[in-house]
2 protein chains.
Amino acid sequence: MALAHAILVTLLDKPQSGYELGKRFDKTVGVFWRARHQQIYSELHRLADKGWVTGRTVTQHDRPNRIEYTITDRGRAAVQAWAAETVEPPSVKEELVVKLFALGTVPSAVIREQLRQRRALHQRNLGEYAQVMARYYPDPARLSGPALGRYLGLRCGIRSEQTGVDWCDEALAALAEAS
Amino acid sequence: MALAHAILVTLLDKPQSGYELGKRFDKTVGVFWRARHQQIYSELHRLADKGWVTGRTVTQHDRPNRIEYTITDRGRAAVQAWAAETVEPPSVKEELVVKLFALGTVPSAVIREQLRQRRALHQRNLGEYAQVMARYYPDPARLSGPALGRYLGLRCGIRSEQTGVDWCDEALAALAEAS
DNA sequence: CTCCGATATGCAATTAATTGCATATTGACG
DNA sequence: CGTCAATATGCAATTAATTGCATATCGGAG
C-alpha cells in the first residue's frame with residue numbers, strides 16, 4: 001500500500017496527470033519506488049475512489065487530453081498518518097549479487113562482464129544526479145521544507161550509486177586476480 | 001523468475017530443505033532477494049515440476065520430517081543460462097526516502113525519529129556482517145570460487161549498510177538545523 | 001499436564017506487479 | 001502520404017508476493 005503514498009507525496013508538490021507522474025517518477029520518488037505507467041493509472045483510480053485525490057480533465061488542442069489529479073485534504077491527512085507509521089526496512093532485489101553466489105558453477109568472465117555493465121550504469125546515474133544537483137541545488141545549506149527533503153533524497157541516490165561503483169571496482173579487482 | 005534462481009544458487013552449495021533455505025536466505029542470498037517461507041515452499045514445488053531440483057523426504061525422529069532438495073544437472077544448466085543473461089538493474093523500495101519527500105506536510109520530528117530507527121538498523125546489520133566476516137572470511141585474499149562470490153556479496157552488504165548509516169547522519173544533521 | 005518455542009510444511013485468499021496489448025492525437029521526417 | 005515518436009490513458013491476463021491460517025512433532029519450562 002505504499003505506491004499510493006508515493007503518488008500522493010508527488011502530488012503534494014503540484015497537481016499532475018498520470019503521464020507526468022510516470023515521467024517524474026523516473027527522476028525522483030520513482031528511484032526509490034519504481035512503478036510502471038499501468039500501475040500508476042490504476043492506482044490513481046483507486047485513490048480517486050477513496051477521495052484522496054480528485055481528477056479533472058484538461059482539454060488540450062495540440063495533444064490528447066489529460067486528467068490532472070489534485071490531492072485532497074483527506075489525501076494530505078492520509079500522508080501524515082502514513083508518515084507517522086513505523087517505516088518498513090528497504091526491500092532490495094539485487095540479481096547481480098545473487099549471480100555472484102553462483103561463482104564456481106558460472107565462469108567468472110560472465111560475471112565480470114555484468115559487473116562492468118553495472119558499473120557503467122551506476123556511473124551514468126551519478127552523472128545525471130550531478131546535473132540535477134548543479135541545476136536545482138547549487139546552495140544546499142539554504143534549503144528547507146519540501147526542497148530539503150528532495151535534496152536529501154538525491155543525496156541518498158548519489159551515495160548509493162557511488163557505493164555501487166566502488167563495490168563493482170572491488171569485485172572486478174578480486175575476480176581479475178582469481179581468473 | 002528470479003526467486004527460482006536465488007533458490008537454485010543456494011542449493012549449489014549443498015542440498016537443503018525449504019526450512020533451511022528460509023533460514024539461510026535471511027543471512028546470505030536473501031539479503032539481496034528476500035522471500036517468505038510460503039514463497040520458498042511453493043517455488044520449490046515448481047522447481048521440482050520442472051526437474052531443476054529433486055526432493056527426498058528425510059525421516060527425523062527428534063523433529064518433523066523434512067524434504068531435502070538437491071539441484072539436478074538441468075537445474076545447474078538453468079543457472080548457467082540465467083547467469084549469462086543481461087542482468088536487471090537493482091529494484092529498490094525505500095519507503096523512508098519517499099517519506100522525506102513529504103517534508104513540509106509532515107513535521108520533521110516524525111521523520112527524524114524514523115531516521116534514527118533506520119540508522120540503528122543499519123548499524124545492527126553492520127555488526128552482524130562484521131561477525132560473519134571475522135568468522136568465515138578472516139583471510140579474504142586467499143578466497144576463490146563460490147567462497148569468493150559469497151565474500152563479495154557480504155562486502156556489498158557491508159558497503160551499503162555503511163552508506164545507509166552515513167546518509168542517515170547527513171539527513172539528521174540537515175534536519176536538526178532546519179527544525 | 002499444559003503451554004510455548006523451535007522445527008517443518010503447506011493451502012487459500014487477496015493484493016501488488018508485470019506483460020502484452022489497445023487506442024487516439026499531433027507534429028515531424030522523408 | 002505513410003510512418004514514426006511523443007503524448008496520453010487504459011484493459012485484460014498472468015505472475016509474483018503478501019497475509020492469514022492450518023497442521024504436526026518434540027523438548028523444556030512452569
# chains A, B, ... in the order shown; residues from 1 in each chain; ligands from 1
>>> interface_residues(of="chain C", to="chain A", cutoff="12 Å", atoms="only C-alpha atoms (C1' of nucleotides)", output="PDB file with C-alpha atoms (C1' of nucleotides), in the first residue's frame")
ATOM      1  C1'  DT C  15      -3.106  -7.695  -3.329  1.00  0.00           C
ATOM      2  C1'  DA C  16       0.723  -5.998  -5.988  1.00  0.00           C
ATOM      3  C1'  DA C  17       3.201  -6.003 -10.115  1.00  0.00           C
ATOM      4  C1'  DT C  18       4.339  -7.313 -14.758  1.00  0.00           C
ATOM      5  C1'  DT C  19       3.406  -8.273 -19.583  1.00  0.00           C
ATOM      6  C1'  DG C  20       1.060  -7.626 -23.572  1.00  0.00           C
ATOM      7  C1'  DC C  21      -1.989  -5.223 -25.960  1.00  0.00           C
ATOM      8  C1'  DT C  23      -6.476   3.311 -28.699  1.00  0.00           C
ATOM      9  C1'  DA C  24      -6.202   8.176 -30.024  1.00  0.00           C
ATOM     10  C1'  DT C  25      -3.893  12.802 -31.293  1.00  0.00           C
ATOM     11  C1'  DT C  26      -0.344  15.717 -33.129  1.00  0.00           C
ATOM     12  C1'  DG C  27       3.905  17.121 -35.370  1.00  0.00           C
TER      13       DG C  27
END
>>> closest_atom_pairs(of="chain D", to="chain B", cutoff="9 Å", atoms="only C-alpha atoms (C1' of nucleotides)", output="JSON lines")
{"residue": "D:DT15", "atom": "C1'", "partner": "B:Met1", "partner_atom": "CA", "distance": 8.9}
{"residue": "D:DA16", "atom": "C1'", "partner": "B:Met1", "partner_atom": "CA", "distance": 8.6}
{"residue": "D:DA17", "atom": "C1'", "partner": "B:Gln39", "partner_atom": "CA", "distance": 7.6}
{"residue": "D:DT18", "atom": "C1'", "partner": "B:Arg36", "partner_atom": "CA", "distance": 8.7}
{"residue": "D:DA24", "atom": "C1'", "partner": "B:Pro64", "partner_atom": "CA", "distance": 7.3}
{"residue": "D:DT25", "atom": "C1'", "partner": "B:Pro64", "partner_atom": "CA", "distance": 5.2}
{"residue": "D:DC26", "atom": "C1'", "partner": "B:Arg63", "partner_atom": "CA", "distance": 5.6}
{"residue": "D:DG27", "atom": "C1'", "partner": "B:Asp62", "partner_atom": "CA", "distance": 8.9}
>>> closest_residue(among="C:DA28, C:DC3, C:DA22, C:DA12", to="DA29 in chain D", atoms="only C-alpha atoms (C1' of nucleotides)")
C:DC3
>>> residues_around(residues="DC29 in chain C", least_positions_apart="2", cutoff="12 Å", atoms="only C-alpha atoms (C1' of nucleotides)", output="PyMOL selection string")
(chain C and resi 27) or (chain D and resi 1-5)
>>> interface_residues(of="chain A", to="chain B", cutoff="8 Å", atoms="only C-alpha atoms", output="JSON, numbers by chain")
{"A": [2, 6, 9, 10, 12, 29, 31, 32, 33, 34, 76, 79, 80, 83, 84, 86, 87, 88, 89, 90, 91, 92, 93, 94, 95, 96, 97, 98, 99, 100, 101, 102, 103, 104, 105, 106, 110, 111, 114, 118, 144, 145, 146, 148, 149, 150, 152, 153, 155, 156, 159, 160, 163, 167, 171, 178]}
>>> write_last_selection(atoms="C-alpha atoms", output="compact mmCIF listing (two decimals), in the first residue's frame")
# COMPACT_ATOMS: atom_id res chain seq x y z
CA ALA A 2 2.87 2.37 -0.49
CA ALA A 6 4.47 7.65 -3.28
CA VAL A 9 3.70 12.61 -1.99
CA THR A 10 4.44 13.58 -5.58
CA LEU A 12 1.92 17.39 -2.74
CA VAL A 29 10.47 9.40 -5.94
CA VAL A 31 14.09 5.95 -7.97
CA PHE A 32 13.06 4.72 -4.52
CA TRP A 33 9.70 3.25 -5.50
CA ARG A 34 9.60 2.26 -9.14
CA ARG A 76 -2.99 15.09 2.86
CA VAL A 79 0.04 11.18 4.01
CA GLN A 80 0.52 12.46 7.54
CA ALA A 83 4.42 9.17 7.62
CA ALA A 84 4.00 8.58 11.33
CA THR A 86 6.84 2.70 11.55
CA VAL A 87 8.86 2.66 8.37
CA GLU A 88 9.45 -0.66 6.63
CA PRO A 89 13.05 -1.69 6.09
CA PRO A 90 14.15 -1.19 2.50
CA SER A 91 13.47 -4.09 0.18
CA VAL A 92 16.16 -4.83 -2.37
CA LYS A 93 16.17 -7.14 -5.36
CA GLU A 94 19.75 -7.30 -6.49
CA GLU A 95 20.09 -10.04 -9.08
CA LEU A 96 23.76 -9.29 -9.75
CA VAL A 97 24.84 -10.27 -6.25
CA VAL A 98 22.75 -13.43 -6.49
CA LYS A 99 24.70 -14.28 -9.62
CA LEU A 100 27.94 -13.80 -7.74
CA PHE A 101 26.83 -16.54 -5.37
CA ALA A 102 26.93 -18.86 -8.37
CA LEU A 103 30.67 -18.37 -8.91
CA GLY A 104 32.30 -21.72 -9.33
CA THR A 105 29.40 -23.00 -11.40
CA VAL A 106 29.34 -19.91 -13.61
CA VAL A 110 30.46 -13.94 -17.45
CA ILE A 111 30.12 -12.25 -14.08
CA GLN A 114 27.99 -7.95 -15.98
CA ARG A 118 26.58 -2.46 -13.79
CA SER A 144 14.15 23.95 3.90
CA GLY A 145 10.81 22.15 3.76
CA PRO A 146 10.00 20.01 0.72
CA LEU A 148 15.30 19.89 1.66
CA GLY A 149 13.54 16.53 1.56
CA ARG A 150 14.08 16.18 -2.17
CA LEU A 152 18.29 14.57 0.84
CA GLY A 153 16.63 12.01 -1.42
CA ARG A 155 21.95 12.70 -1.73
CA CYS A 156 20.75 9.19 -0.88
CA ARG A 159 25.67 7.94 -2.12
CA SER A 160 24.27 4.59 -3.15
CA THR A 163 28.84 2.82 -3.32
CA TRP A 167 31.80 -2.18 -4.96
CA ALA A 171 34.61 -7.11 -7.14
CA ALA A 178 41.06 -15.09 -9.30
>>> closest_residue(among="B:Lys23, B:Ile158, B:Gly55, B:Ala78", to="Val132 in chain B", atoms="only C-alpha atoms")
B:Ile158
>>> select_by_dssp(residues="range 7-153 of chain B", states="strand (DSSP E or B)", output="JSON, numbers by chain")
{"B": [16, 17, 33, 53, 54, 55, 56, 57, 58, 66, 67, 68, 69, 70, 71, 91, 92, 93, 103, 106]}
>>> write_last_selection(atoms="C-alpha atoms", output="compact mmCIF listing (two decimals), in the first residue's frame")
# COMPACT_ATOMS: atom_id res chain seq x y z
CA GLN B 16 18.74 -28.23 1.67
CA SER B 17 15.16 -28.30 2.89
CA TRP B 33 16.40 -11.28 -2.77
CA VAL B 53 15.58 -29.97 -8.30
CA THR B 54 14.64 -33.31 -6.76
CA GLY B 55 13.05 -33.69 -3.35
CA ARG B 56 13.71 -36.52 -0.92
CA THR B 57 11.92 -36.96 2.39
CA VAL B 58 14.34 -37.34 5.29
CA ARG B 66 11.94 -32.60 6.22
CA ILE B 67 12.15 -32.66 2.44
CA GLU B 68 15.67 -32.19 1.24
CA TYR B 69 16.04 -30.69 -2.21
CA THR B 70 19.01 -31.35 -4.47
CA ILE B 71 19.80 -29.38 -7.61
CA SER B 91 14.98 -2.72 -7.79
CA VAL B 92 14.69 -0.76 -4.59
CA LYS B 93 11.68 0.01 -2.41
CA LEU B 103 8.70 17.16 4.35
CA VAL B 106 4.91 16.08 7.61
>>> select_by_dssp(residues="range 30-90 of chain A", states="alpha helix (DSSP H)", output="ChimeraX atom specification")
/A:30-32,37-50,73-84
>>> write_last_selection(atoms="N, CA and C atoms", output="compact mmCIF listing (two decimals), in the first residue's frame")
# COMPACT_ATOMS: atom_id res chain seq x y z
N GLY A 30 10.44 7.95 -7.87
CA GLY A 30 10.42 6.66 -8.55
C GLY A 30 11.73 5.90 -8.44
N VAL A 31 12.82 6.62 -8.17
CA VAL A 31 14.09 5.95 -7.97
C VAL A 31 13.99 5.04 -6.74
N PHE A 32 13.18 5.45 -5.78
CA PHE A 32 13.06 4.72 -4.52
C PHE A 32 11.76 3.92 -4.43
N HIS A 37 3.64 2.69 -15.84
CA HIS A 37 2.53 3.63 -16.02
C HIS A 37 1.18 2.97 -15.76
N GLN A 38 1.04 1.69 -16.13
CA GLN A 38 -0.23 0.99 -15.89
C GLN A 38 -0.58 0.98 -14.41
N GLN A 39 0.45 0.77 -13.61
CA GLN A 39 0.23 0.70 -12.17
C GLN A 39 -0.18 2.07 -11.64
N ILE A 40 0.46 3.11 -12.16
CA ILE A 40 0.15 4.46 -11.73
C ILE A 40 -1.28 4.84 -12.08
N TYR A 41 -1.68 4.55 -13.32
CA TYR A 41 -3.04 4.88 -13.74
C TYR A 41 -4.08 4.17 -12.88
N SER A 42 -3.86 2.88 -12.62
CA SER A 42 -4.90 2.16 -11.87
C SER A 42 -4.89 2.59 -10.40
N GLU A 43 -3.70 2.92 -9.89
CA GLU A 43 -3.64 3.40 -8.52
C GLU A 43 -4.35 4.75 -8.40
N LEU A 44 -4.23 5.58 -9.41
CA LEU A 44 -4.90 6.88 -9.39
C LEU A 44 -6.42 6.71 -9.32
N HIS A 45 -6.94 5.72 -10.05
CA HIS A 45 -8.38 5.45 -9.98
C HIS A 45 -8.78 5.07 -8.56
N ARG A 46 -7.96 4.19 -7.96
CA ARG A 46 -8.26 3.77 -6.60
C ARG A 46 -8.21 4.94 -5.62
N LEU A 47 -7.21 5.81 -5.80
CA LEU A 47 -7.09 6.98 -4.92
C LEU A 47 -8.28 7.91 -5.08
N ALA A 48 -8.75 8.04 -6.32
CA ALA A 48 -9.92 8.89 -6.57
C ALA A 48 -11.16 8.28 -5.91
N ASP A 49 -11.28 6.95 -5.98
CA ASP A 49 -12.42 6.27 -5.33
C ASP A 49 -12.41 6.53 -3.83
N LYS A 50 -11.22 6.56 -3.26
CA LYS A 50 -11.11 6.78 -1.82
C LYS A 50 -11.26 8.25 -1.44
N ASP A 73 -7.73 17.24 0.94
CA ASP A 73 -7.37 17.36 2.35
C ASP A 73 -7.30 15.99 3.00
N ARG A 74 -8.25 15.12 2.62
CA ARG A 74 -8.22 13.76 3.15
C ARG A 74 -6.96 13.03 2.69
N GLY A 75 -6.53 13.33 1.47
CA GLY A 75 -5.29 12.74 0.97
C GLY A 75 -4.09 13.22 1.79
N ARG A 76 -4.08 14.51 2.06
CA ARG A 76 -2.99 15.09 2.86
C ARG A 76 -2.97 14.46 4.27
N ALA A 77 -4.16 14.25 4.82
CA ALA A 77 -4.25 13.62 6.14
C ALA A 77 -3.71 12.19 6.08
N ALA A 78 -4.02 11.51 4.98
CA ALA A 78 -3.54 10.13 4.81
C ALA A 78 -2.01 10.10 4.75
N VAL A 79 -1.43 11.09 4.08
CA VAL A 79 0.04 11.18 4.01
C VAL A 79 0.62 11.35 5.41
N GLN A 80 -0.01 12.21 6.19
CA GLN A 80 0.52 12.46 7.54
C GLN A 80 0.41 11.21 8.41
N ALA A 81 -0.70 10.52 8.31
CA ALA A 81 -0.88 9.30 9.10
C ALA A 81 0.14 8.26 8.70
N TRP A 82 0.33 8.12 7.40
CA TRP A 82 1.29 7.14 6.87
C TRP A 82 2.72 7.47 7.30
N ALA A 83 3.05 8.76 7.28
CA ALA A 83 4.42 9.17 7.62
C ALA A 83 4.77 8.84 9.06
N ALA A 84 3.75 8.82 9.91
CA ALA A 84 4.00 8.58 11.33
C ALA A 84 4.11 7.09 11.65
>>> residues_around(residues="DC11 in chain C", least_positions_apart="2", cutoff="10 Å", atoms="only C-alpha atoms (C1' of nucleotides)", output="PyMOL selection string")
(chain B and resi 38) or (chain C and resi 13) or (chain D and resi 21-22)
